[in-house]
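S.K.: Structure file target-v9.txt, compact mmCIF, C-alpha atoms, is pasted below:
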# COMPACT_ATOMS: atom_id res chain seq x y z
CA MET A 15 5.59 -9.66 21.26
CA SER A 16 5.33 -5.90 20.88
CA THR A 17 2.80 -3.67 22.67
CA LEU A 18 1.05 -3.10 19.32
CA GLN A 19 0.71 -6.83 18.64
CA LYS A 20 -0.66 -7.46 22.13
CA THR A 21 -3.20 -4.68 21.70
CA ILE A 22 -4.36 -6.11 18.38
CA LEU A 23 -4.73 -9.61 19.80
CA LYS A 24 -6.59 -8.27 22.80
CA ALA A 25 -9.04 -6.55 20.49
CA LYS A 26 -9.69 -9.86 18.73
CA LEU A 27 -9.06 -8.20 15.38
CA PRO A 28 -6.67 -9.43 12.68
CA PRO A 29 -3.17 -7.92 12.91
CA ILE A 30 -1.67 -5.96 10.06
CA VAL A 31 0.42 -8.34 7.95
CA PRO A 32 4.15 -7.50 8.16
CA ILE A 33 5.40 -5.43 5.25
CA GLY A 34 6.58 -7.59 2.39
CA SER A 35 5.03 -10.78 3.75
CA LEU A 36 2.18 -11.03 1.23
CA GLY A 37 2.49 -11.84 -2.42
CA SER A 38 0.30 -10.35 -5.12
CA ARG A 39 -2.36 -13.02 -4.63
CA GLY A 40 -2.34 -12.97 -0.85
CA VAL A 41 0.28 -15.74 -0.54
CA ARG A 42 2.91 -15.32 2.13
CA LYS A 43 6.47 -14.88 0.98
CA GLY A 44 9.79 -13.74 2.36
CA GLY A 45 11.27 -10.29 2.46
CA ILE A 46 9.91 -8.86 5.71
CA GLY A 47 11.02 -5.27 6.02
CA ARG A 48 10.91 -4.57 2.30
CA LYS A 49 9.14 -1.32 1.47
CA ARG A 50 5.80 -1.81 -0.23
CA ASP A 51 5.08 -0.19 -3.56
CA TYR A 52 1.70 1.56 -3.50
CA THR A 53 1.89 2.89 -7.05
CA PRO A 54 -1.54 2.59 -8.77
CA VAL A 55 -1.97 0.40 -11.85
CA GLN A 56 -4.32 0.58 -14.81
CA TRP A 57 -7.33 -1.56 -15.66
CA ASN A 58 -5.79 -3.01 -18.85
CA ARG A 59 -3.56 -5.38 -16.91
CA TYR A 60 -6.69 -7.38 -16.13
CA PHE A 61 -9.39 -6.58 -18.70
CA SER A 62 -9.15 -6.60 -22.49
CA GLU A 63 -11.69 -3.85 -23.12
CA ARG A 64 -13.54 -0.99 -21.44
CA ARG A 65 -16.38 0.95 -22.96
CA ASP A 66 -19.34 3.14 -22.15
CA VAL A 67 -22.85 1.81 -22.70
CA ALA A 68 -25.50 4.44 -23.46
CA VAL A 69 -28.85 3.63 -21.84
CA ASN A 70 -31.76 6.09 -21.63
CA GLY A 71 -29.50 9.12 -21.49
CA ASN A 72 -27.12 7.46 -19.03
CA LYS A 73 -23.57 6.27 -19.62
CA PHE A 74 -22.49 3.07 -17.87
CA ARG A 75 -18.81 2.15 -17.81
CA VAL A 76 -18.14 -1.56 -18.27
CA TYR A 77 -15.00 -3.70 -18.44
CA SER A 78 -14.83 -7.04 -20.23
CA LEU A 79 -12.59 -10.05 -20.74
CA GLY A 80 -13.02 -13.25 -22.75
CA ASP A 81 -15.19 -14.03 -25.78
CA THR A 82 -16.48 -17.59 -25.35
CA GLY A 83 -18.61 -19.47 -22.86
CA PRO A 84 -21.21 -18.14 -20.42
CA LEU A 85 -21.14 -14.47 -19.42
CA LEU A 86 -20.39 -13.61 -15.79
CA VAL A 87 -21.99 -10.26 -15.00
CA LEU A 88 -20.14 -8.81 -12.01
CA LEU A 89 -21.75 -6.29 -9.65
CA HIS A 90 -19.61 -4.51 -7.06
CA GLY A 91 -20.44 -3.48 -3.50
CA GLY A 92 -21.40 -0.03 -2.24
CA GLY A 93 -18.58 2.50 -2.68
CA PHE A 94 -16.51 0.11 -4.82
CA SER A 95 -16.31 0.01 -8.62
CA ALA A 96 -16.08 -2.57 -11.39
CA LEU A 97 -12.30 -2.65 -10.86
CA THR A 98 -12.85 -4.56 -7.61
CA TRP A 99 -13.21 -7.64 -9.87
CA SER A 100 -9.88 -7.19 -11.70
CA LEU A 101 -7.88 -10.07 -10.21
CA PHE A 102 -10.90 -12.36 -10.04
CA ALA A 103 -11.60 -11.78 -13.75
CA THR A 104 -8.16 -12.93 -14.85
CA SER A 105 -8.29 -15.97 -12.58
CA VAL A 106 -11.75 -17.25 -13.45
CA THR A 107 -11.22 -16.89 -17.21
CA SER A 108 -8.05 -18.97 -16.87
CA TYR A 109 -9.90 -21.77 -15.05
CA VAL A 110 -12.98 -22.14 -17.26
CA GLU A 111 -14.08 -20.97 -20.69
CA CYS A 112 -16.17 -17.93 -19.86
CA GLN A 113 -16.56 -14.20 -20.41
CA VAL A 114 -16.79 -11.50 -17.77
CA LEU A 115 -18.56 -8.14 -17.81
CA ALA A 116 -17.88 -5.90 -14.79
CA ILE A 117 -20.18 -2.89 -14.44
CA ASP A 118 -19.75 0.44 -12.67
CA LEU A 119 -23.17 0.71 -11.06
CA ARG A 120 -25.19 3.94 -10.91
CA GLY A 121 -23.45 6.59 -8.79
CA HIS A 122 -20.15 4.68 -8.82
CA GLY A 123 -16.92 4.62 -10.80
CA ASP A 124 -16.94 6.21 -14.25
CA THR A 125 -20.68 5.73 -14.75
CA ILE A 126 -22.61 8.98 -15.26
CA THR A 127 -26.41 9.07 -14.98
CA THR A 128 -29.10 11.73 -15.08
CA ASN A 129 -30.02 10.91 -11.47
CA GLU A 130 -26.97 9.99 -9.41
CA GLU A 131 -29.00 10.05 -6.19
CA ASP A 132 -31.42 7.23 -7.08
CA LEU A 133 -29.70 4.12 -5.77
CA SER A 134 -32.83 2.12 -5.04
CA ALA A 135 -32.64 -1.63 -5.55
CA GLU A 136 -35.35 -1.44 -8.21
CA THR A 137 -33.57 1.25 -10.23
CA MET A 138 -30.17 -0.43 -10.14
CA ALA A 139 -31.63 -3.84 -10.97
CA ARG A 140 -33.37 -2.31 -13.98
CA ASP A 141 -30.07 -0.68 -14.97
CA VAL A 142 -28.39 -4.09 -15.12
CA GLY A 143 -31.14 -5.49 -17.33
CA ASP A 144 -31.00 -2.44 -19.63
CA ILE A 145 -27.22 -2.74 -20.01
CA ILE A 146 -27.45 -6.42 -20.98
CA ARG A 147 -30.26 -5.73 -23.43
CA THR A 148 -28.33 -2.84 -25.02
CA LEU A 149 -25.17 -4.90 -25.41
CA TYR A 150 -26.65 -8.22 -26.52
CA GLY A 151 -30.12 -7.47 -27.88
CA SER A 152 -32.78 -10.13 -27.75
CA GLU A 153 -30.31 -13.04 -27.76
CA PRO A 154 -27.88 -12.58 -24.86
CA PRO A 155 -25.52 -15.42 -23.97
CA PRO A 156 -26.19 -17.63 -20.94
CA ILE A 157 -25.58 -15.34 -17.95
CA ILE A 158 -24.47 -15.92 -14.37
CA LEU A 159 -25.01 -12.95 -12.07
CA ILE A 160 -22.33 -12.51 -9.40
CA GLY A 161 -22.54 -9.72 -6.84
CA HIS A 162 -20.61 -8.63 -3.77
CA SER A 163 -22.43 -7.13 -0.75
CA MET A 164 -24.71 -4.38 -2.10
CA GLY A 165 -24.02 -5.76 -5.57
CA GLY A 166 -25.10 -9.18 -4.34
CA ALA A 167 -28.40 -7.70 -3.23
CA ILE A 168 -28.81 -6.01 -6.63
CA ALA A 169 -28.01 -9.31 -8.35
CA VAL A 170 -30.79 -11.02 -6.37
CA HIS A 171 -33.29 -8.26 -7.19
CA THR A 172 -32.28 -8.41 -10.88
CA ALA A 173 -32.77 -12.17 -10.98
CA SER A 174 -36.08 -12.00 -9.11
CA ALA A 175 -37.48 -9.37 -11.48
CA ASN A 176 -36.52 -11.52 -14.49
CA TYR A 177 -34.65 -8.64 -16.13
CA ILE A 178 -32.27 -11.20 -17.67
CA PRO A 179 -34.22 -13.97 -19.46
CA SER A 180 -31.02 -15.92 -20.24
CA LEU A 181 -30.01 -16.17 -16.57
CA ILE A 182 -28.68 -19.63 -15.68
CA GLY A 183 -26.97 -19.03 -12.31
CA LEU A 184 -26.69 -16.65 -9.35
CA ALA A 185 -23.87 -16.13 -6.86
CA VAL A 186 -23.68 -13.65 -4.00
CA ILE A 187 -20.59 -12.86 -1.96
CA ASP A 188 -20.65 -12.01 1.75
CA VAL A 189 -24.11 -10.51 2.05
CA VAL A 190 -26.77 -11.90 4.37
CA GLU A 191 -30.01 -10.11 5.16
CA GLY A 192 -29.91 -10.49 8.94
CA THR A 193 -26.29 -9.40 9.31
CA ALA A 194 -26.71 -6.47 6.95
CA LEU A 195 -29.86 -5.16 8.63
CA ASP A 196 -28.29 -5.49 12.09
CA ALA A 197 -25.35 -3.39 10.92
CA LEU A 198 -27.43 -0.46 9.67
CA ALA A 199 -27.32 1.37 13.01
CA SER A 200 -23.52 1.61 12.95
CA MET A 201 -23.05 2.51 9.29
CA GLN A 202 -23.01 6.29 9.63
CA SER A 203 -20.58 6.07 12.53
CA PHE A 204 -18.23 3.94 10.47
CA LEU A 205 -18.41 6.30 7.50
CA ARG A 206 -17.58 9.30 9.69
CA GLY A 207 -14.48 7.46 10.86
CA ARG A 208 -13.02 7.21 7.36
CA PRO A 209 -10.63 9.83 5.97
CA THR A 210 -12.44 12.51 3.97
CA HIS A 211 -9.59 12.90 1.50
CA PHE A 212 -6.15 11.64 0.49
CA LYS A 213 -3.25 13.77 -0.68
CA SER A 214 -2.05 11.17 -3.20
CA LEU A 215 -3.09 7.91 -4.80
CA GLU A 216 -0.40 6.08 -2.84
CA HIS A 217 -1.86 7.34 0.43
CA ALA A 218 -5.31 6.16 -0.62
CA ILE A 219 -4.01 2.71 -1.54
CA GLU A 220 -2.03 2.44 1.68
CA TRP A 221 -5.11 3.38 3.72
CA CYS A 222 -7.08 0.72 1.84
CA LEU A 223 -4.54 -1.91 2.96
CA ARG A 224 -3.89 -0.72 6.49
CA SER A 225 -7.55 -0.12 7.33
CA GLY A 226 -8.42 -3.68 6.36
CA GLN A 227 -10.85 -2.69 3.58
CA VAL A 228 -8.77 -4.87 1.27
CA ARG A 229 -5.98 -7.19 2.36
CA ASN A 230 -4.41 -7.82 -1.03
CA LEU A 231 -1.91 -5.19 -2.22
CA GLU A 232 -2.17 -6.03 -5.92
CA SER A 233 -5.94 -5.70 -5.85
CA ALA A 234 -5.87 -2.44 -3.86
CA LYS A 235 -3.54 -0.87 -6.44
CA VAL A 236 -6.06 -1.35 -9.24
CA SER A 237 -9.35 -1.07 -7.34
CA MET A 238 -8.82 1.87 -4.97
CA PRO A 239 -8.45 4.48 -7.77
CA GLY A 240 -11.94 3.47 -8.92
CA GLN A 241 -13.39 4.60 -5.58
CA ILE A 242 -12.00 8.15 -5.41
CA LYS A 243 -11.96 11.19 -7.65
CA ASN A 244 -9.70 14.17 -8.21
CA SER A 245 -11.43 17.08 -6.48
CA GLU A 246 -9.84 19.56 -8.90
CA THR A 247 -10.99 17.91 -12.13
CA GLY A 248 -14.01 16.03 -10.79
CA LYS A 249 -12.84 12.95 -12.71
CA LEU A 250 -12.30 9.47 -11.33
CA ALA A 251 -8.75 8.86 -10.12
CA THR A 252 -8.28 6.17 -12.77
CA ASN A 253 -8.07 8.97 -15.32
CA ASP A 254 -4.95 10.33 -13.58
CA ILE A 255 -2.86 7.17 -13.61
CA ASP A 256 -1.28 7.54 -17.04
CA THR A 257 0.08 11.01 -16.23
CA TYR A 258 0.39 10.55 -12.49
CA VAL A 259 3.71 11.38 -10.81
CA PRO A 260 4.20 8.84 -8.01
CA VAL A 261 5.24 9.84 -4.52
CA SER A 262 9.02 9.65 -4.28
CA GLN A 263 10.22 6.21 -3.25
CA GLY A 264 12.37 7.90 -0.66
CA GLU A 265 9.48 9.83 0.85
CA GLU A 266 7.95 8.21 3.90
CA LEU A 267 4.17 8.12 4.01
CA LYS A 268 4.20 9.60 7.48
CA THR A 269 0.45 10.07 7.65
CA SER A 270 -0.09 6.34 7.92
CA VAL A 271 2.06 5.55 10.95
CA LEU A 272 0.23 3.19 13.28
CA SER A 273 0.48 3.40 17.04
CA SER A 274 -1.00 1.33 19.83
CA ASP A 275 -3.53 4.03 20.65
CA ALA A 276 -4.72 3.97 17.04
CA ILE A 277 -6.15 0.50 17.53
CA ARG A 278 -9.82 0.43 18.46
CA GLU A 279 -10.90 -2.30 20.86
CA GLU A 280 -14.41 -3.51 20.18
CA GLU A 281 -16.34 -6.43 21.63
CA ASN A 282 -18.46 -6.59 18.49
CA GLU A 283 -17.42 -5.95 14.92
CA ALA A 284 -18.84 -2.76 13.49
CA SER A 285 -19.80 -2.69 9.84
CA SER A 286 -19.45 -0.21 7.02
CA SER A 287 -22.35 0.94 4.87
CA ASP A 288 -21.66 -2.10 2.75
CA GLY A 289 -21.53 -4.52 5.69
CA GLN A 290 -17.75 -4.78 5.83
CA THR A 291 -15.80 -5.64 8.96
CA ALA A 292 -14.48 -2.72 10.96
CA PRO A 293 -10.80 -1.99 10.26
CA ALA A 294 -8.14 -3.47 12.48
CA ALA A 295 -6.33 -0.15 12.66
CA GLU A 296 -7.18 3.41 11.85
CA PHE A 297 -5.42 5.43 9.20
CA LYS A 298 -4.22 8.85 10.31
CA PRO A 299 -5.51 11.16 7.57
CA PRO A 300 -3.26 13.71 5.86
CA PRO A 301 -3.33 17.37 6.89
CA PRO A 302 -6.28 19.52 5.77
CA LEU A 303 -6.23 20.47 2.11
CA THR A 304 -5.08 23.94 1.16
CA GLU A 305 -5.28 26.01 -2.00
CA ASN A 306 -1.72 24.95 -2.79
CA SER A 307 -2.37 21.22 -2.61
CA SER A 308 -1.10 19.75 -5.88
CA GLN A 309 -3.07 16.51 -5.70
CA LYS A 310 -6.14 15.81 -3.63
CA TYR A 311 -8.62 12.96 -3.82
CA VAL A 312 -12.04 12.51 -2.26
CA TRP A 313 -14.58 9.69 -2.32
CA ARG A 314 -16.41 9.19 -5.61
CA ILE A 315 -19.71 8.66 -3.79
CA ASP A 316 -20.96 9.98 -0.47
CA LEU A 317 -22.31 6.73 0.96
CA GLY A 318 -23.81 8.53 3.92
CA ARG A 319 -26.35 10.19 1.63
CA THR A 320 -27.62 6.80 0.42
CA GLU A 321 -28.99 5.83 3.84
CA LYS A 322 -32.63 5.92 2.74
CA TYR A 323 -31.94 3.02 0.36
CA TRP A 324 -30.03 0.73 2.73
CA SER A 325 -32.99 -1.20 4.11
CA GLY A 326 -34.43 -1.57 0.60
CA TRP A 327 -31.27 -3.31 -0.57
CA PHE A 328 -31.41 -5.99 2.12
CA GLN A 329 -34.99 -6.30 3.45
CA GLY A 330 -36.42 -9.68 2.45
CA LEU A 331 -33.19 -10.60 0.66
CA SER A 332 -32.88 -14.14 2.02
CA ASN A 333 -36.32 -15.31 0.88
CA THR A 334 -35.93 -13.54 -2.47
CA PHE A 335 -32.59 -15.28 -2.98
CA LEU A 336 -34.05 -18.65 -2.09
CA SER A 337 -36.96 -18.18 -4.48
CA CYS A 338 -34.81 -17.50 -7.55
CA PRO A 339 -35.34 -20.53 -9.81
CA VAL A 340 -31.73 -20.99 -10.92
CA PRO A 341 -28.74 -22.78 -9.34
CA LYS A 342 -27.41 -20.53 -6.58
CA MET A 343 -24.21 -20.12 -4.62
CA LEU A 344 -23.43 -18.15 -1.47
CA LEU A 345 -19.82 -17.31 -0.57
CA LEU A 346 -19.14 -16.08 2.96
CA ALA A 347 -16.15 -14.85 4.91
CA GLY A 348 -17.52 -16.56 8.03
CA ILE A 349 -20.29 -19.00 8.96
CA ASP A 350 -21.54 -16.62 11.67
CA ARG A 351 -23.01 -14.45 8.90
CA LEU A 352 -25.67 -17.04 8.01
CA ASP A 353 -29.18 -16.06 9.18
CA ARG A 354 -32.08 -18.37 10.04
CA ASP A 355 -33.79 -18.42 6.62
CA LEU A 356 -30.54 -19.18 4.83
CA THR A 357 -29.58 -21.81 7.38
CA VAL A 358 -32.86 -23.65 6.73
CA GLY A 359 -32.51 -23.18 2.97
CA GLN A 360 -28.98 -24.51 2.99
CA MET A 361 -30.04 -27.59 4.97
CA GLN A 362 -32.77 -28.16 2.40
CA GLY A 363 -30.22 -28.02 -0.41
CA LYS A 364 -31.68 -24.90 -2.05
CA PHE A 365 -28.26 -23.43 -2.71
CA GLN A 366 -24.58 -24.26 -2.52
CA MET A 367 -22.51 -22.55 0.15
CA GLN A 368 -18.79 -22.03 0.57
CA VAL A 369 -17.03 -20.37 3.50
CA LEU A 370 -13.63 -18.80 2.88
CA PRO A 371 -12.09 -17.99 6.27
CA GLN A 372 -9.13 -15.74 7.00
CA CYS A 373 -10.21 -13.00 4.63
CA GLY A 374 -12.11 -9.75 4.99
CA HIS A 375 -15.42 -8.56 3.61
CA ALA A 376 -13.95 -7.98 0.14
CA VAL A 377 -13.49 -11.72 -0.27
CA HIS A 378 -13.00 -11.61 -4.04
CA GLU A 379 -10.20 -9.04 -3.64
CA ASP A 380 -8.47 -10.66 -0.68
CA VAL A 381 -8.36 -14.18 -2.17
CA PRO A 382 -9.33 -13.80 -5.85
CA ASP A 383 -7.88 -17.14 -6.91
CA LYS A 384 -9.83 -19.05 -4.27
CA VAL A 385 -13.08 -17.30 -5.16
CA ALA A 386 -12.41 -18.06 -8.83
CA GLU A 387 -11.83 -21.73 -7.99
CA VAL A 388 -15.09 -21.94 -6.04
CA LEU A 389 -17.13 -20.35 -8.83
CA ALA A 390 -15.34 -22.35 -11.52
CA THR A 391 -16.24 -25.52 -9.63
CA PHE A 392 -19.84 -24.32 -9.40
CA MET A 393 -19.96 -23.73 -13.18
CA VAL A 394 -18.32 -27.03 -14.08
CA ARG A 395 -20.56 -28.94 -11.67
CA HIS A 396 -23.69 -27.53 -13.32
CA ARG A 397 -22.16 -27.88 -16.79
CA PHE A 398 -22.38 -24.16 -17.42
CA ALA A 399 -18.76 -23.99 -18.57
CA VAL A 400 -15.89 -26.20 -19.65
CA ALA A 401 -12.77 -26.34 -17.50
CA THR A 402 -9.43 -25.39 -18.99
CA SER A 403 -6.22 -27.35 -18.54
CA ASN A 404 -5.25 -24.90 -15.76
CA PHE A 405 -8.15 -25.84 -13.52
CA GLU A 406 -8.26 -28.54 -10.88
CA ARG A 407 -11.26 -28.73 -8.59
CA THR A 408 -10.01 -28.13 -5.08
CA PHE A 409 -13.19 -27.24 -3.18
CA PRO A 410 -15.86 -29.82 -2.43
CA ALA A 411 -19.45 -28.84 -3.09
CA CYS A 412 -21.24 -28.17 0.19
Rewrite the structure from the file as structure tokens, please.
M.R.:
Amino acid sequence: MSTLQKTILKAKLPPIVPIGSLGSRGVRKGGIGRKRDYTPVQWNRYFSERRDVAVNGNKFRVYSLGDTGPLLVLLHGGGFSALTWSLFATSVTSYVECQVLAIDLRGHGDTITTNEEDLSAETMARDVGDIIRTLYGSEPPPIILIGHSMGGAIAVHTASANYIPSLIGLAVIDVVEGTALDALASMQSFLRGRPTHFKSLEHAIEWCLRSGQVRNLESAKVSMPGQIKNSETGKLATNDIDTYVPVSQGEELKTSVLSSDAIREEENEASSSDGQTAPAAEFKPPPPLTENSSQKYVWRIDLGRTEKYWSGWFQGLSNTFLSCPVPKMLLLAGIDRLDRDLTVGQMQGKFQMQVLPQCGHAVHEDVPDKVAEVLATFMVRHRFAVATSNFERTFPAC
């Protein structure tokens, strides 16, 4: 066992998976030592359509797939974009007859609003209702709201405010009030530890993998460009992909070399502004940008400036979730995230819960097929959707 491996195990954090040992869906395969390809990919491998929805002077970018069955409205976590749902969308629509609509929330992705700073739970919940009303009028299809982390909180607030009259189900992924509120004190520290910029899209995608933000290479290649923008053009990095010149395959991404002293040992897991587990290893950022830098990317949103809204996203979330009068599901990356109110509610059968271990905070990106199976089972069980011939129920209801 190498010094690096011993250090990682001592820190009680998951080790970096050997290069070439993960398949596109997070399944182990051979080929250790094979160089990974971090070239970004476009949205249209996973969604059939993207469009901009005009609402009250704002422009919301949405991605869709499927045209029959209930509509799954997908809300991403803080700092992410609608593209975080790419792999999940293709999986779930192959398991059951359904449609998906993934939204770039206010201040994120390719959405442009008149007030990018207002990320209050009330405003974003109202945005979701306005988008659905604009797209579907007074007769929207049966809708299941699904949200990850901050997006899960927004889904709960949207459901509670009855902004979607046709709502039939609610699912939240890896967000629990108690855990989220406890993590608030360390959020700014975590954000300051992230790179401020990346010199190429490949470097950004590699950081995403090596930092532990996402543990699935295929998902990182499509979702990471939705989180950063070109500082020269001001446009989201997704707009660069078609004309992007990849880093030479022979060029080593030297800025990402890991060493034993790059591993942080922590007794307790720190959390990001979206409640995500602290990275197993730090990414060594590229050199400072200069006037001659040909490509440079920065974060689409400065999450540190949203601090005043953090408590509003999560305060009272557990009771609000439990009071929503539709079938509910909670997906967690670990049982330790369950707080007292949810523990009591789960024992009383007020919602269905599923724990998916051995994955990070971005559960739906790390194991998209498993998350799709869980939610497909939830929909079939409640007769919201009809299973396709590709789907076999593998997870028991719990």
S.K.: Which residues, written as a count of residues only, have at least one atom at most 9 Å from Trp99 of chain A, with all atoms listed in the file counted and residues fewer than 3 positions away on the same chain left out?
M.R.: 14
S.K.: Please provide the set of residues having any atom within 8 Å of Asp383 of chain A, restricted to all atoms listed in the file, with same-chain residues fewer than 4 positions apart removed, written as a PyMOL selection string.
M.R.: chain A and resi 39+101-102+105-106+387
S.K.: Could you write out the selected residues, including C-alpha atoms, as an mmCIF file, in the coordinates of the input?
M.R.:
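Result file result_21.cif:
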data_model
loop_
_atom_site.group_PDB
_atom_site.id
_atom_site.type_symbol
_atom_site.label_atom_id
_atom_site.label_comp_id
_atom_site.auth_asym_id
_atom_site.auth_seq_id
_atom_site.Cartn_x
_atom_site.Cartn_y
_atom_site.Cartn_z
ATOM 1 C CA ARG A 39 -2.360 -13.020 -4.630
ATOM 2 C CA LEU A 101 -7.880 -10.070 -10.210
ATOM 3 C CA PHE A 102 -10.900 -12.360 -10.040
ATOM 4 C CA SER A 105 -8.290 -15.970 -12.580
ATOM 5 C CA VAL A 106 -11.750 -17.250 -13.450
ATOM 6 C CA GLU A 387 -11.830 -21.730 -7.990
#
S.K.: Take atom CA of Gly183 of chain A and atom CA of Ser134 of chain A and report the distance between them in Å, one decimal.
M.R.: 23.1 Å
S.K.: For Ile126 of chain A, which residue out of A:Val400, A:Ile315, A:Val385, A:Ala390 is the nearest one, using only C-alpha atoms?
M.R.: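 Between A:Val400, A:Ile315, A:Val385, A:Ala390, the residue approaching Ile126 of chain A most closely is A:Ile315.
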S.K.: Which polymer residues have any atom within 6 Å of an atom of segment 369-376 of chain A, counting all atoms listed in the file, with same-chain residues fewer than 6 positions away left out, as a list of chain:residue names?
M.R.: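 Residues near the query, excluding close chain neighbours: A:Gln290, A:Leu345, A:Leu346, A:Ala347, A:Gly348.
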